[in-house]
Structure formats: structure tokens, C-alpha cells
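Q: Following this message is one structure expressed as C-alpha cells.
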Amino acid sequence: MTLVQMQPRSTNATTVRRTVADAMDTAGPQVCDDMTVEVALSVMASARTGHMLVCDDSGLCAGLVTQSQLTAARDGSAYSDRVQLRDILGDREPFTSPGTTMAEAGHMMFDSQVDALPVVDEHGSALGVLALAR
């Protein structure tokens, strides 16, 4: 005879929903959008990270840049040492808030084909980054 331990079923109808706040990384390096691509690559290498949050002159999150974006911009035919991060950010990326469920954020990342999302507060200030696990 084998002993089987039975666990009572939860009678609580509500389930705990994980939110972005539960899984996001702290903001890490944040740089201003007037930084040049070459300097940003250097900062990223020093920080040993694959992405950085970019803020505008007001301190609000303008987006997120990845090492591959920066490398592609540097290797492009239109590159000069005066190209700034604001020049390569393009359209405002998708952002998420800390209260967004992980399922919603996952759909947003899949639909936008991104590996990381900036997490911002209600005013647009950067709080952190939600990134896919590697």
C-alpha cells in the first residue's frame, strides 16, 4: 500500500494574479536621449546590460534601446558620431505599468515583437524594465 498525501482544495474563488511589479527589474542604467550612440554603447558595455532606458529632457521615459539597436545604428550607412539616441528611438515604444498583469504584458511583448518593456508610473517616469528571461 502506498501512502498518498491529500491536500485540501482551496475554496477561495479569487486567484493571485501576478503583475508586472512582481517581475520587473529595477530601472538600471537610465540615459538622456541627447546621448550619442557611441557613448551609449560604452555605457551599456560598462553596465554589462543588453538594454537601457532612455529619458527625455523632462526626465520622462522616452523608450528603451538595446545593444543590437545601437550596433545596427552605428553600422548603418547614415551613421555619424553626432547621431543621438532620440534619432534612433523612432515611434514611442509600448510601455507598461506596474499594475498590468503578466499575461497582458506578455501579449503586448508578443504583439510588439520586443524582448523588454519599460515600466512607467502614471506620470511617465521610468520605474523599471520587464524583460524576457534568457
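Every chain in the C-alpha cells has a letter given in the order shown (A, B, ...), and although residue numbers restart at 1 in each chain, ligands are simply numbered from 1 in the order shown.
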Neighbouring residues of segment 22-28 of chain A were defined as those with any atom within 7 Å, considering only C-alpha atoms; residues of the same chain fewer than 6 positions away were excluded. Please report them as a list in words.
A: Ala126, Leu127, Gly128, Val129 and Leu130 of chain A
Q: What are the DSSP alpha helix (DSSP H) residues of chain A, as a ChimeraX atom specification?
A: /A:20-23,37-47,67-75,85-89,102-112
Q: Which polymer residues have any atom within 12 Å of an atom of Ala105 of chain A, counting only C-alpha atoms, with same-chain residues fewer than 3 positions away left out, as a ChimeraX atom specification?
A: /A:18-21,23-24,94-102,108-119,129-132
Q: Can you work out the spacing between atom CA of Met35 of chain A and atom CA of Met52 of chain A in Å, to one decimal?
A: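 That distance, rounded to one decimal, is 11.9 Å.
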Q: Using only C-alpha atoms, which of the listed residues (A:Ala62, A:Val54, A:Val31, A:Leu41) sits closest to Gly124 of chain A?
A: A:Ala62
Q: Please return as a ChimeraX atom specification: the residues of chain A that backbone DSSP assigns to strand (DSSP E or B).
A: /A:19,25-26,30-32,36,51-55,61-66,84,96,101,116-120,126-131
Q: Those selected residues, please, written with C-alpha atoms and delivered as a PDB file, in the first residue's frame.
A:
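Everything below was put into part.pdb:
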ATOM      1  CA  THR A  19       1.579  41.758 -12.083  1.00  0.00           C
ATOM      2  CA  ASP A  25      13.829  44.566 -12.772  1.00  0.00           C
ATOM      3  CA  THR A  26      14.825  47.860 -11.253  1.00  0.00           C
ATOM      4  CA  GLN A  30      18.971  55.432 -17.478  1.00  0.00           C
ATOM      5  CA  VAL A  31      20.419  57.812 -20.021  1.00  0.00           C
ATOM      6  CA  CYS A  32      19.254  61.032 -21.637  1.00  0.00           C
ATOM      7  CA  THR A  36      25.327  59.797 -28.737  1.00  0.00           C
ATOM      8  CA  HIS A  51      19.291  47.395 -22.741  1.00  0.00           C
ATOM      9  CA  MET A  52      18.966  50.860 -21.219  1.00  0.00           C
ATOM     10  CA  LEU A  53      16.073  53.163 -20.509  1.00  0.00           C
ATOM     11  CA  VAL A  54      16.154  56.483 -22.330  1.00  0.00           C
ATOM     12  CA  CYS A  55      14.662  59.603 -20.760  1.00  0.00           C
ATOM     13  CA  CYS A  61      10.766  57.733 -20.146  1.00  0.00           C
ATOM     14  CA  ALA A  62      11.185  58.093 -23.909  1.00  0.00           C
ATOM     15  CA  GLY A  63      11.821  54.408 -24.582  1.00  0.00           C
ATOM     16  CA  LEU A  64      14.311  51.628 -24.346  1.00  0.00           C
ATOM     17  CA  VAL A  65      17.349  50.912 -26.504  1.00  0.00           C
ATOM     18  CA  THR A  66      19.064  47.578 -26.917  1.00  0.00           C
ATOM     19  CA  GLN A  84      21.823  60.755 -30.750  1.00  0.00           C
ATOM     20  CA  THR A  96       3.515  49.058 -19.390  1.00  0.00           C
ATOM     21  CA  THR A 101      -0.967  41.554 -15.349  1.00  0.00           C
ATOM     22  CA  ALA A 116      11.759  44.108 -22.977  1.00  0.00           C
ATOM     23  CA  LEU A 117       9.227  46.756 -21.964  1.00  0.00           C
ATOM     24  CA  PRO A 118       9.812  49.940 -19.988  1.00  0.00           C
ATOM     25  CA  VAL A 119       7.659  50.075 -16.855  1.00  0.00           C
ATOM     26  CA  VAL A 120       6.418  53.588 -16.124  1.00  0.00           C
ATOM     27  CA  ALA A 126      10.623  55.078 -15.550  1.00  0.00           C
ATOM     28  CA  LEU A 127      10.283  52.554 -12.728  1.00  0.00           C
ATOM     29  CA  GLY A 128      11.985  49.545 -14.257  1.00  0.00           C
ATOM     30  CA  VAL A 129      12.110  47.075 -17.110  1.00  0.00           C
ATOM     31  CA  LEU A 130      10.150  43.903 -17.762  1.00  0.00           C
ATOM     32  CA  ALA A 131      12.410  41.633 -19.814  1.00  0.00           C
TER      33      ALA A 131
END
Q: One number please: atom CA of Gln67 of chain A to atom CA of His107 of chain A, in Å, one decimal.
A: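 Straight-line distance from atom CA of Gln67 of chain A to atom CA of His107 of chain A works out to 23.3 Å.
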Q: Record the distance separating atom CA of Asp75 of chain A and atom CA of Arg48 of chain A, expressed in Å with one decimal.
A: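 Atom-to-atom, atom CA of Asp75 of chain A to atom CA of Arg48 of chain A, that is 20.6 Å.
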Q: What's around Val83 of chain A at 9 Å? Count only C-alpha atoms, leave out sequence neighbours fewer than 6 positions away in its own chain, and write the answer as a VMD selection string.
A: chain A and resid 34 to 38 73 to 74
Q: For the residues in that selection, give me all heavy atoms as a PDB file, in the first residue's frame.
A:
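File out-v2.pdb, as written:
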ATOM      1  N   ASP A  34      19.733  62.754 -25.491  1.00  0.00           N
ATOM      2  CA  ASP A  34      20.709  63.512 -26.283  1.00  0.00           C
ATOM      3  C   ASP A  34      22.093  62.859 -26.289  1.00  0.00           C
ATOM      4  O   ASP A  34      23.024  63.350 -26.918  1.00  0.00           O
ATOM      5  CB  ASP A  34      20.804  64.967 -25.824  1.00  0.00           C
ATOM      6  CG  ASP A  34      21.323  65.128 -24.408  1.00  0.00           C
ATOM      7  OD1 ASP A  34      21.494  64.108 -23.697  1.00  0.00           O
ATOM      8  OD2 ASP A  34      21.555  66.279 -23.998  1.00  0.00           O
ATOM      9  N   MET A  35      22.214  61.697 -25.627  1.00  0.00           N
ATOM     10  CA  MET A  35      23.478  60.961 -25.625  1.00  0.00           C
ATOM     11  C   MET A  35      23.733  60.382 -27.014  1.00  0.00           C
ATOM     12  O   MET A  35      22.816  59.958 -27.700  1.00  0.00           O
ATOM     13  CB  MET A  35      23.414  59.827 -24.597  1.00  0.00           C
ATOM     14  CG  MET A  35      24.676  58.991 -24.503  1.00  0.00           C
ATOM     15  SD  MET A  35      24.533  57.707 -23.241  1.00  0.00           S
ATOM     16  CE  MET A  35      24.857  58.690 -21.783  1.00  0.00           C
ATOM     17  N   THR A  36      25.001  60.369 -27.429  1.00  0.00           N
ATOM     18  CA  THR A  36      25.327  59.797 -28.737  1.00  0.00           C
ATOM     19  C   THR A  36      25.322  58.273 -28.663  1.00  0.00           C
ATOM     20  O   THR A  36      25.469  57.682 -27.588  1.00  0.00           O
ATOM     21  CB  THR A  36      26.708  60.271 -29.238  1.00  0.00           C
ATOM     22  OG1 THR A  36      27.715  59.777 -28.354  1.00  0.00           O
ATOM     23  CG2 THR A  36      26.765  61.792 -29.358  1.00  0.00           C
ATOM     24  N   VAL A  37      25.171  57.661 -29.810  1.00  0.00           N
ATOM     25  CA  VAL A  37      25.131  56.205 -29.905  1.00  0.00           C
ATOM     26  C   VAL A  37      26.428  55.597 -29.386  1.00  0.00           C
ATOM     27  O   VAL A  37      26.417  54.611 -28.634  1.00  0.00           O
ATOM     28  CB  VAL A  37      24.846  55.763 -31.355  1.00  0.00           C
ATOM     29  CG1 VAL A  37      25.080  54.280 -31.537  1.00  0.00           C
ATOM     30  CG2 VAL A  37      23.427  56.144 -31.758  1.00  0.00           C
ATOM     31  N   GLU A  38      27.549  56.184 -29.755  1.00  0.00           N
ATOM     32  CA  GLU A  38      28.850  55.643 -29.341  1.00  0.00           C
ATOM     33  C   GLU A  38      29.009  55.680 -27.829  1.00  0.00           C
ATOM     34  O   GLU A  38      29.471  54.700 -27.215  1.00  0.00           O
ATOM     35  CB  GLU A  38      29.979  56.428 -30.017  1.00  0.00           C
ATOM     36  CG  GLU A  38      31.263  55.684 -30.112  1.00  0.00           C
ATOM     37  CD  GLU A  38      31.186  54.411 -30.954  1.00  0.00           C
ATOM     38  OE1 GLU A  38      30.578  54.418 -32.034  1.00  0.00           O
ATOM     39  OE2 GLU A  38      31.737  53.397 -30.503  1.00  0.00           O
ATOM     40  N   ALA A  73      22.520  50.863 -35.619  1.00  0.00           N
ATOM     41  CA  ALA A  73      22.588  52.294 -35.951  1.00  0.00           C
ATOM     42  C   ALA A  73      24.026  52.703 -36.258  1.00  0.00           C
ATOM     43  O   ALA A  73      24.286  53.420 -37.223  1.00  0.00           O
ATOM     44  CB  ALA A  73      22.039  53.131 -34.802  1.00  0.00           C
ATOM     45  N   ARG A  74      24.962  52.233 -35.447  1.00  0.00           N
ATOM     46  CA  ARG A  74      26.375  52.570 -35.657  1.00  0.00           C
ATOM     47  C   ARG A  74      26.901  51.995 -36.971  1.00  0.00           C
ATOM     48  O   ARG A  74      27.704  52.616 -37.654  1.00  0.00           O
ATOM     49  CB  ARG A  74      27.225  52.056 -34.494  1.00  0.00           C
ATOM     50  CG  ARG A  74      28.697  52.466 -34.616  1.00  0.00           C
ATOM     51  CD  ARG A  74      29.570  51.766 -33.643  1.00  0.00           C
ATOM     52  NE  ARG A  74      29.485  50.327 -33.880  1.00  0.00           N
ATOM     53  CZ  ARG A  74      29.837  49.408 -33.006  1.00  0.00           C
ATOM     54  NH1 ARG A  74      30.289  49.758 -31.824  1.00  0.00           N
ATOM     55  NH2 ARG A  74      29.739  48.132 -33.287  1.00  0.00           N
TER      56      ARG A  74
END
